[in-house]
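Engineer: One file is attached below, run.pdb, containing PDB, C-alpha atoms.
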MODEL        1
ATOM      1  CA  MET A   1      24.827  -9.039  43.711
ATOM      2  CA  THR A   2      25.953  -8.099  40.235
ATOM      3  CA  PRO A   3      23.666  -5.448  38.776
ATOM      4  CA  PRO A   4      21.906  -6.441  35.559
ATOM      5  CA  ALA A   5      23.555  -5.379  32.356
ATOM      6  CA  PRO A   6      22.001  -2.283  30.800
ATOM      7  CA  PRO A   7      19.832  -2.982  27.751
ATOM      8  CA  ALA A   8      21.658  -2.804  24.451
ATOM      9  CA  ALA A   9      21.236   0.443  22.563
ATOM     10  CA  PRO A  10      18.848   0.095  19.632
ATOM     11  CA  LEU A  11      20.403  -0.477  16.254
ATOM     12  CA  ARG A  12      19.601   2.274  13.788
ATOM     13  CA  ALA A  13      19.183   1.691  10.064
ATOM     14  CA  ASP A  14      19.175   4.311   7.304
ATOM     15  CA  CYS A  15      17.029   3.376   4.277
ATOM     16  CA  ILE A  16      17.365   4.494   0.668
ATOM     17  CA  GLY A  17      14.887   3.595  -2.062
ATOM     18  CA  ASP A  18      15.839   3.277  -5.737
ATOM     19  CA  SER A  19      13.836   3.919  -8.874
ATOM     20  CA  ALA A  20      13.528   0.187  -9.601
ATOM     21  CA  GLY A  21      11.709  -0.422  -6.312
ATOM     22  CA  GLY A  22      14.660  -1.789  -4.327
ATOM     23  CA  LEU A  23      15.826  -0.741  -0.854
ATOM     24  CA  THR A  24      19.258  -0.349   0.731
ATOM     25  CA  PHE A  25      19.712  -0.584   4.516
ATOM     26  CA  ASP A  26      22.739   0.943   6.282
ATOM     27  CA  VAL A  27      23.002  -0.294   9.875
ATOM     28  CA  ALA A  28      25.158   1.479  12.466
ATOM     29  CA  ALA A  29      27.028  -1.392  14.169
ATOM     30  CA  ARG A  30      30.396  -0.370  15.573
ATOM     31  CA  GLY A  31      32.651  -3.163  16.776
ATOM     32  CA  ASN A  32      30.911  -5.961  14.904
ATOM     33  CA  ALA A  33      33.579  -8.281  13.559
ATOM     34  CA  GLY A  34      31.622 -11.349  12.460
ATOM     35  CA  ALA A  35      29.035 -12.382   9.919
ATOM     36  CA  ALA A  36      25.842 -10.337  10.057
ATOM     37  CA  LEU A  37      22.382 -10.542   8.556
ATOM     38  CA  LEU A  38      19.469  -8.198   8.045
ATOM     39  CA  VAL A  39      16.326 -10.226   8.772
ATOM     40  CA  LEU A  40      12.812  -9.337   7.605
ATOM     41  CA  ARG A  41       9.940 -11.238   9.235
ATOM     42  CA  ARG A  42       6.401 -10.980   7.943
ATOM     43  CA  ARG A  43       4.030 -10.018  10.720
ATOM     44  CA  ASP A  44       1.424 -12.651  11.655
ATOM     45  CA  ALA A  45       3.464 -15.209   9.746
ATOM     46  CA  VAL A  46       2.064 -18.725   9.441
ATOM     47  CA  ASP A  47       5.225 -20.402   8.137
ATOM     48  CA  ALA A  48       8.411 -18.950   9.676
ATOM     49  CA  ALA A  49      10.617 -20.306   6.878
ATOM     50  CA  SER A  50       8.662 -18.851   3.948
ATOM     51  CA  ASP A  51       7.837 -15.651   5.849
ATOM     52  CA  THR A  52      11.462 -14.749   6.667
ATOM     53  CA  VAL A  53      13.938 -13.066   4.309
ATOM     54  CA  SER A  54      17.616 -12.893   5.322
ATOM     55  CA  LEU A  55      20.023 -10.532   3.578
ATOM     56  CA  PRO A  56      23.803 -10.386   4.171
ATOM     57  CA  LEU A  57      25.066  -7.259   5.931
ATOM     58  CA  ALA A  58      28.480  -6.370   4.527
ATOM     59  CA  PRO A  59      30.913  -3.672   5.734
ATOM     60  CA  ALA A  60      30.228  -0.419   3.890
ATOM     61  CA  ALA A  61      32.217   2.090   5.973
ATOM     62  CA  GLU A  62      33.696   2.373   9.443
ATOM     63  CA  GLY A  63      31.020   1.211  11.867
ATOM     64  CA  ARG A  64      28.403   0.656   9.167
ATOM     65  CA  LEU A  65      26.987  -2.453   7.553
ATOM     66  CA  ARG A  66      24.933  -2.503   4.351
ATOM     67  CA  ALA A  67      22.266  -4.845   2.997
ATOM     68  CA  ALA A  68      20.423  -4.585  -0.307
ATOM     69  CA  LEU A  69      16.885  -5.710  -1.030
ATOM     70  CA  PRO A  70      16.681  -5.510  -4.844
ATOM     71  CA  SER A  71      13.347  -5.429  -6.604
ATOM     72  CA  SER A  72      14.148  -8.879  -8.048
ATOM     73  CA  VAL A  73      13.905 -10.467  -4.569
ATOM     74  CA  SER A  74      10.317 -11.498  -3.899
ATOM     75  CA  LEU A  75       8.695  -9.959  -0.832
ATOM     76  CA  PRO A  76       5.057 -11.100  -0.575
ATOM     77  CA  GLU A  77       2.439  -8.548   0.365
ATOM     78  CA  GLY A  78       2.341  -7.656   4.044
ATOM     79  CA  ARG A  79       4.216  -5.889   6.852
ATOM     80  CA  TRP A  80       7.796  -7.047   7.412
ATOM     81  CA  ASP A  81       9.499  -6.228  10.720
ATOM     82  CA  ALA A  82      13.240  -5.524  10.386
ATOM     83  CA  TYR A  83      15.968  -7.040  12.596
ATOM     84  CA  ALA A  84      19.767  -7.266  12.544
ATOM     85  CA  ARG A  85      21.647 -10.393  13.655
ATOM     86  CA  LEU A  86      25.246  -9.544  14.494
ATOM     87  CA  SER A  87      28.036 -12.092  15.071
ATOM     88  CA  ASP A  88      25.649 -15.011  15.603
ATOM     89  CA  GLY A  89      23.785 -13.200  18.370
ATOM     90  CA  GLU A  90      20.037 -12.932  18.770
ATOM     91  CA  PRO A  91      18.207 -10.812  16.168
ATOM     92  CA  ARG A  92      17.733  -7.256  17.436
ATOM     93  CA  ARG A  93      14.862  -5.045  16.320
ATOM     94  CA  LEU A  94      15.937  -2.122  14.144
ATOM     95  CA  VAL A  95      14.790   1.470  14.507
ATOM     96  CA  PRO A  96      14.656   3.858  11.538
ATOM     97  CA  GLY A  97      17.395   6.387  10.961
ATOM     98  CA  VAL A  98      17.589   8.661   7.923
ATOM     99  CA  THR A  99      15.139   7.608   5.208
ATOM    100  CA  ASP A 100      15.423   8.798   1.600
ATOM    101  CA  LEU A 101      12.514   7.654  -0.555
ATOM    102  CA  ARG A 102      12.466  10.464  -3.115
ATOM    103  CA  SER A 103      12.987   8.050  -5.991
ATOM    104  CA  LEU A 104       9.798   6.164  -5.058
ATOM    105  CA  ALA A 105       7.691   9.291  -5.552
ATOM    106  CA  GLU A 106       9.026   9.612  -9.112
ATOM    107  CA  ARG A 107       8.790   5.928  -9.990
ATOM    108  CA  THR A 108       6.755   4.735 -12.980
ATOM    109  CA  PRO A 109       6.976   0.940 -13.340
ATOM    110  CA  SER A 110       6.905  -0.489 -16.845
ATOM    111  CA  GLY A 111       4.426  -3.235 -15.931
ATOM    112  CA  LEU A 112       6.243  -5.596 -18.308
ATOM    113  CA  LEU A 113       6.740  -8.171 -15.541
ATOM    114  CA  GLY A 114       2.982  -8.465 -15.131
ATOM    115  CA  HIS A 115       3.030  -7.143 -11.594
ATOM    116  CA  VAL A 116       3.929  -4.103  -9.499
ATOM    117  CA  ALA A 117       6.134  -4.540  -6.425
ATOM    118  CA  VAL A 118       6.235  -1.700  -3.877
ATOM    119  CA  ARG A 119       8.258  -1.616  -0.628
ATOM    120  CA  ILE A 120       8.048   1.355   1.742
ATOM    121  CA  PRO A 121       9.954   1.422   5.066
ATOM    122  CA  TYR A 122       8.251   3.241   7.930
ATOM    123  CA  ALA A 123       8.330   3.708  11.699
ATOM    124  CA  THR A 124       5.771   1.766  13.736
ATOM    125  CA  ARG A 125       3.914   3.290  16.669
ATOM    126  CA  GLN A 126       6.587   1.774  18.915
ATOM    127  CA  GLY A 127       9.325   3.490  16.888
ATOM    128  CA  ASN A 128      10.613   0.336  15.188
ATOM    129  CA  LEU A 129      11.493  -0.184  11.520
ATOM    130  CA  THR A 130       9.041  -2.110   9.354
ATOM    131  CA  VAL A 131       8.733  -2.479   5.576
ATOM    132  CA  ARG A 132       5.264  -2.419   4.017
ATOM    133  CA  SER A 133       5.240  -4.524   0.870
ATOM    134  CA  TRP A 134       2.655  -4.730  -1.907
ATOM    135  CA  LEU A 135       2.711  -7.199  -4.788
ATOM    136  CA  ARG A 136      -0.147  -6.632  -7.220
ATOM    137  CA  ALA A 137      -0.620  -8.549 -10.480
ATOM    138  CA  PRO A 138      -2.061  -6.731 -12.313
ATOM    139  CA  HIS A 139      -2.369  -3.339 -10.642
ATOM    140  CA  ALA A 140      -4.756  -0.375 -11.078
ATOM    141  CA  GLU A 141      -3.217   2.819  -9.675
ATOM    142  CA  ALA A 142      -5.502   5.658  -8.575
ATOM    143  CA  VAL A 143      -3.594   8.672  -9.897
ATOM    144  CA  ASP A 144      -6.062  11.536  -9.417
ATOM    145  CA  LEU A 145      -9.354  11.999  -7.576
ATOM    146  CA  ARG A 146     -11.639  14.889  -8.589
ATOM    147  CA  LEU A 147     -14.453  15.716  -6.210
ATOM    148  CA  ALA A 148     -17.753  17.261  -7.302
ATOM    149  CA  SER A 149     -20.874  17.975  -5.294
ATOM    150  CA  GLY A 150     -22.636  14.891  -6.585
ATOM    151  CA  GLY A 151     -19.852  12.389  -7.164
ATOM    152  CA  LEU A 152     -16.233  11.410  -7.627
ATOM    153  CA  THR A 153     -14.143  11.187 -10.813
ATOM    154  CA  VAL A 154     -11.239   8.724 -10.661
ATOM    155  CA  ARG A 155      -8.338   8.845 -13.103
ATOM    156  CA  GLY A 156      -5.733   6.125 -13.088
ATOM    157  CA  ARG A 157      -3.361   3.800 -14.887
ATOM    158  CA  VAL A 158      -3.076   0.034 -15.188
ATOM    159  CA  TYR A 159       0.113  -2.048 -14.961
ATOM    160  CA  GLY A 160       0.601  -5.636 -16.021
ATOM    161  CA  THR A 161      -2.523  -5.693 -18.186
ATOM    162  CA  ARG A 162      -4.209  -3.650 -20.896
ATOM    163  CA  LEU A 163      -7.517  -1.882 -21.246
ATOM    164  CA  VAL A 164      -9.863  -3.113 -23.942
ATOM    165  CA  PRO A 165     -13.206  -1.852 -25.271
ATOM    166  CA  GLY A 166     -15.802  -2.792 -22.710
ATOM    167  CA  ALA A 167     -13.603  -2.090 -19.702
ATOM    168  CA  ASP A 168     -15.650  -0.951 -16.745
ATOM    169  CA  ALA A 169     -15.418  -0.153 -13.043
ATOM    170  CA  GLU A 170     -17.201  -1.888 -10.232
ATOM    171  CA  LEU A 171     -18.384  -0.744  -6.816
ATOM    172  CA  ARG A 172     -18.874  -3.494  -4.261
ATOM    173  CA  ALA A 173     -20.719  -2.963  -0.999
ATOM    174  CA  ARG A 174     -18.522  -4.342   1.752
ATOM    175  CA  PRO A 175     -20.258  -7.281   3.477
ATOM    176  CA  GLY A 176     -22.008  -6.155   6.621
ATOM    177  CA  ASP A 177     -21.814  -2.446   5.729
ATOM    178  CA  GLY A 178     -24.224  -1.834   2.860
ATOM    179  CA  GLU A 179     -27.949  -1.549   3.554
ATOM    180  CA  GLY A 180     -29.119  -2.693   0.150
ATOM    181  CA  GLY A 181     -30.871  -5.987  -0.366
ATOM    182  CA  ALA A 182     -29.870  -8.944  -2.518
ATOM    183  CA  GLY A 183     -28.439  -7.870  -5.833
ATOM    184  CA  ASP A 184     -27.941  -4.338  -4.542
ATOM    185  CA  GLY A 185     -24.309  -4.781  -3.482
ATOM    186  CA  VAL A 186     -22.648  -4.238  -6.888
ATOM    187  CA  ARG A 187     -22.651  -1.217  -9.222
ATOM    188  CA  ARG A 188     -21.063  -1.220 -12.688
ATOM    189  CA  LEU A 189     -19.778   2.032 -14.200
ATOM    190  CA  ASP A 190     -18.641   2.913 -17.720
ATOM    191  CA  VAL A 191     -14.921   3.612 -18.131
ATOM    192  CA  ALA A 192     -13.192   5.931 -20.607
ATOM    193  CA  ALA A 193      -9.962   4.160 -21.575
ATOM    194  CA  GLU A 194      -6.927   5.120 -23.661
ATOM    195  CA  ARG A 195      -3.998   2.690 -23.773
ATOM    196  CA  THR A 196      -3.102   2.205 -20.096
ATOM    197  CA  GLU A 197      -5.037   5.178 -18.705
ATOM    198  CA  PHE A 198      -8.641   5.151 -17.520
ATOM    199  CA  ALA A 199     -11.262   7.437 -15.995
ATOM    200  CA  PHE A 200     -14.746   6.982 -14.584
ATOM    201  CA  THR A 201     -17.210   8.880 -12.408
ATOM    202  CA  VAL A 202     -19.077   7.568  -9.392
ATOM    203  CA  PRO A 203     -22.444   9.313  -8.810
ATOM    204  CA  TYR A 204     -23.208   9.344  -5.117
ATOM    205  CA  ASP A 205     -26.984   9.580  -5.431
ATOM    206  CA  GLY A 206     -27.368   5.902  -6.344
ATOM    207  CA  LEU A 207     -25.486   4.493  -3.360
ATOM    208  CA  THR A 208     -26.961   3.075  -0.186
ATOM    209  CA  PRO A 209     -25.259   3.805   3.153
ATOM    210  CA  GLY A 210     -22.215   1.696   3.920
ATOM    211  CA  VAL A 211     -18.666   1.193   2.630
ATOM    212  CA  TRP A 212     -18.124   0.638  -1.094
ATOM    213  CA  ASP A 213     -14.841  -0.755  -2.450
ATOM    214  CA  LEU A 214     -13.676   0.320  -5.924
ATOM    215  CA  TRP A 215     -12.528  -2.228  -8.512
ATOM    216  CA  LEU A 216     -11.583  -2.100 -12.190
ATOM    217  CA  ARG A 217     -12.374  -4.631 -14.909
ATOM    218  CA  PRO A 218      -9.734  -3.871 -17.603
ATOM    219  CA  ALA A 219     -11.263  -6.453 -19.971
ATOM    220  CA  GLY A 220     -14.876  -6.106 -18.890
ATOM    221  CA  ASP A 221     -16.497  -9.482 -18.275
ATOM    222  CA  PHE A 222     -13.599 -11.415 -19.825
ATOM    223  CA  GLY A 223     -10.674 -10.752 -17.490
ATOM    224  CA  PRO A 224      -9.507 -10.143 -13.943
ATOM    225  CA  VAL A 225     -11.113  -7.790 -11.458
ATOM    226  CA  VAL A 226      -8.450  -5.470 -10.031
ATOM    227  CA  ARG A 227      -8.671  -3.556  -6.752
ATOM    228  CA  LEU A 228      -7.994   0.182  -7.131
ATOM    229  CA  ALA A 229      -5.219   1.458  -4.882
ATOM    230  CA  ARG A 230      -2.638   4.218  -4.572
ATOM    231  CA  LEU A 231       0.769   2.591  -4.077
ATOM    232  CA  LEU A 232       3.302   4.421  -6.233
ATOM    233  CA  ASP A 233       4.669   7.056  -3.886
ATOM    234  CA  ASP A 234       6.634   7.210  -0.629
ATOM    235  CA  VAL A 235       3.708   7.242   1.849
ATOM    236  CA  ALA A 236       3.249   3.902   3.636
ATOM    237  CA  ASP A 237      -0.115   4.781   5.216
ATOM    238  CA  LYS A 238      -2.270   7.054   3.055
ATOM    239  CA  ASN A 239      -5.290   7.235   5.353
ATOM    240  CA  PRO A 240      -4.126   9.988   7.752
ATOM    241  CA  VAL A 241      -2.249  11.865   4.992
ATOM    242  CA  PHE A 242      -4.711  11.938   2.081
ATOM    243  CA  THR A 243      -8.015  13.244   3.417
ATOM    244  CA  PHE A 244     -10.970  14.312   1.266
ATOM    245  CA  PRO A 245     -14.095  16.399   1.884
ATOM    246  CA  ARG A 246     -17.454  14.678   1.894
ATOM    247  CA  ALA A 247     -20.448  15.710  -0.157
ATOM    248  CA  ARG A 248     -24.039  15.777   1.049
ATOM    249  CA  VAL A 249     -26.500  14.420  -1.490
ATOM    250  CA  ARG A 250     -30.083  13.191  -1.570
ATOM    251  CA  THR A 251     -30.724   9.599  -2.574
ATOM    252  CA  PRO A 252     -33.860   7.441  -2.840
ATOM    253  CA  HIS A 253     -32.826   6.085   0.568
ATOM    254  CA  GLY A 254     -32.633   9.552   2.149
ATOM    255  CA  PRO A 255     -29.887  12.169   2.496
ATOM    256  CA  VAL A 256     -26.313  10.874   2.842
ATOM    257  CA  GLU A 257     -22.781  12.158   3.271
ATOM    258  CA  ALA A 258     -20.314  10.477   0.910
ATOM    259  CA  GLY A 259     -16.612  10.669   0.161
ATOM    260  CA  PRO A 260     -13.510   8.634  -0.756
ATOM    261  CA  TYR A 261     -10.778   7.395   1.555
ATOM    262  CA  TYR A 262      -7.765   5.076   1.482
ATOM    263  CA  THR A 263      -7.928   1.945   3.599
ATOM    264  CA  ARG A 264      -5.213   0.553   5.866
ATOM    265  CA  ASP A 265      -3.836  -1.244   2.788
ATOM    266  CA  ASN A 266      -4.005   1.941   0.645
ATOM    267  CA  ASP A 267      -6.924   0.588  -1.387
ATOM    268  CA  LEU A 268      -9.547   3.092  -2.542
ATOM    269  CA  SER A 269     -13.030   2.982  -0.992
ATOM    270  CA  LEU A 270     -16.095   5.180  -0.537
ATOM    271  CA  ALA A 271     -17.839   5.817   2.777
ATOM    272  CA  VAL A 272     -21.558   6.643   2.583
ATOM    273  CA  ALA A 273     -23.221   7.656   5.861
ATOM    274  CA  PRO A 274     -26.915   8.450   6.398
ATOM    275  CA  LEU A 275     -27.934  11.931   7.563
ATOM    276  CA  ASP A 276     -30.969  13.013   9.493
ATOM    277  CA  ALA A 277     -33.585  14.231   7.049
TER     278      ALA A 277
ENDMDL
END
Represent the structure contained in this file as structure tokens.
Structural biologist:
Amino acid sequence: MTPPAPPAAPLRADCIGDSAGGLTFDVAARGNAGAALLVLRRRDAVDAASDTVSLPLAPAAEGRLRAALPSSVSLPEGRWDAYARLSDGEPRRLVPGVTDLRSLAERTPSGLLGHVAVRIPYATRQGNLTVRSWLRAPHAEAVDLRLASGGLTVRGRVYGTRLVPGADAELRARPGDGEGGAGDGVRRLDVAAERTEFAFTVPYDGLTPGVWDLWLRPAGDFGPVVRLARLLDDVADKNPVFTFPRARVRTPHGPVEAGPYYTRDNDLSLAVAPLDA
């Protein structure tokens, strides 16, 4: 009996980010002599055609193929698993090699296109290469969080829109998490605004226990409501990296412990947990 062929060695891809938000993939593929593609498939895709992006892999050096994903190519928001298809074979999952994303940490989009596009490659728990993509139009970036004993001050910047007099922030109790009654699930906060920069403070003592999501209204009641998030750096998953202390405060509902955190999508939220009196 012929022994089974050993599994093919994983294909490794180096990734480089550019200041415009594009990515370059260099795939180690010695001996490949035919047409090749880098394939990105959106996880949990509904429509395979619209949720697949194929990029040509061209020879870049001996044993290396290169594909470019410029910022001008649309990549809808989500997680995109990376594959390489060599010489008309089956797509093979890529694993990350050397990743250089320094330019992403220094990137400041102009916002003139009306949206912000962010793509960050990362290694999954299984060690495979995936690209996390965000496409926000407009976008409110959380630049700095200042913690005080009784609240949180958020400083940020908007892209793809402008701040007008009357701009404010909004806290929304996540359905199923807040303990307040009807009409108690939304808080409006005054915003200090200057051109594209904003700041506001969230006092903890007025919040009921639960999870509160932070939003910005750049035009007050007369424009879009924009989810606050931190996207403009090289960290695909902020939650385990950016951790914040929690403050203990007394509220009309009893003592609570409150503090900010970044969600799985890098959106900014507040967790408020009850304490024993």
Engineer: Run the PyMOL selection byres ((chain A and resi 54) around 6) on the file and write out the hits as a ChimeraX atom specification.
Structural biologist: /A:38-39,53,55
Engineer: Using only C-alpha atoms, can you tell me which of A:Leu232, A:Leu171, A:Leu57, A:Leu86 comes closest to Asp213 (chain A)?
Structural biologist: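 Residue with the minimum atom-to-atom distance to Asp213 (chain A): A:Leu171.
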Engineer: Any chance you could work out the residue set of the PyMOL selection byres ((chain A and resi 216) around 7) here, as JSON, numbers by chain?
Structural biologist: {"A": [168, 169, 170, 215, 217, 218, 225, 226, 227, 228]}
Engineer: Pick out the closest residue to Glu141 (chain A) from this set: A:Val191, A:Leu214, A:Leu231, A:Val241. Count only C-alpha atoms.
Structural biologist: A:Leu231
Engineer: Go ahead and compute the interatomic distance for CA of Leu135 (chain A) and CA of Asp44 (chain A), in Å to one decimal.
Structural biologist: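 The value is 17.4 Å.
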Engineer: Would you write out, as a tab-separated table, a table of all residues in region 69-154 of chain A that have an atom no more than 9 Å from an atom of region 198-203 of chain A, listing for each the closest atom pair and the distance in Å to one decimal, considering only C-alpha atoms and ordering rows by chain and rising residue number?
Structural biologist:
residue	atom	partner	partner_atom	distance
A:Gly150	CA	A:Pro203	CA	6.0
A:Gly151	CA	A:Pro203	CA	4.3
A:Leu152	CA	A:Val202	CA	5.1
A:Thr153	CA	A:Thr201	CA	4.2
A:Val154	CA	A:Ala199	CA	5.5
Engineer: When you look at region 115-127 of chain A with a cut-off of 10 Å (counting all atoms listed in the file), what residues show up, excluding the ones that are within fewer than 3 positions of it in the same chain? I need them as a PyMOL selection string.
Structural biologist: chain A and resi 14-17+20-23+25+69+71-82+94-97+99-101+104+108-112+130-141+158-161+231-237
Engineer: Would you please work out which residue, of A:Leu145, A:Ala68, A:Leu163, A:Ala35, is nearest to Ala219 (chain A) when using all atoms listed in the file?
Structural biologist: A:Leu163
Engineer: Could you check the closest approach to Gly166 (chain A) for each of A:Glu194, A:Asp144, A:Gly185, A:Ser149 and tell me which residue wins, using only C-alpha atoms?
Structural biologist: A:Glu194
Engineer: Using only C-alpha atoms, which residue out of A:Phe222, A:Ala192, A:Gly206, A:Leu147 lies closest to Thr243 (chain A)?
Structural biologist: A:Leu147
Engineer: My list of candidates is A:Pro165, A:Gly31, A:Glu106, A:Arg12. Which is closest to Arg92 (chain A) when distances are computed with all atoms listed in the file?
Structural biologist: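 Between A:Pro165, A:Gly31, A:Glu106, A:Arg12, the residue approaching Arg92 (chain A) most closely is A:Arg12.
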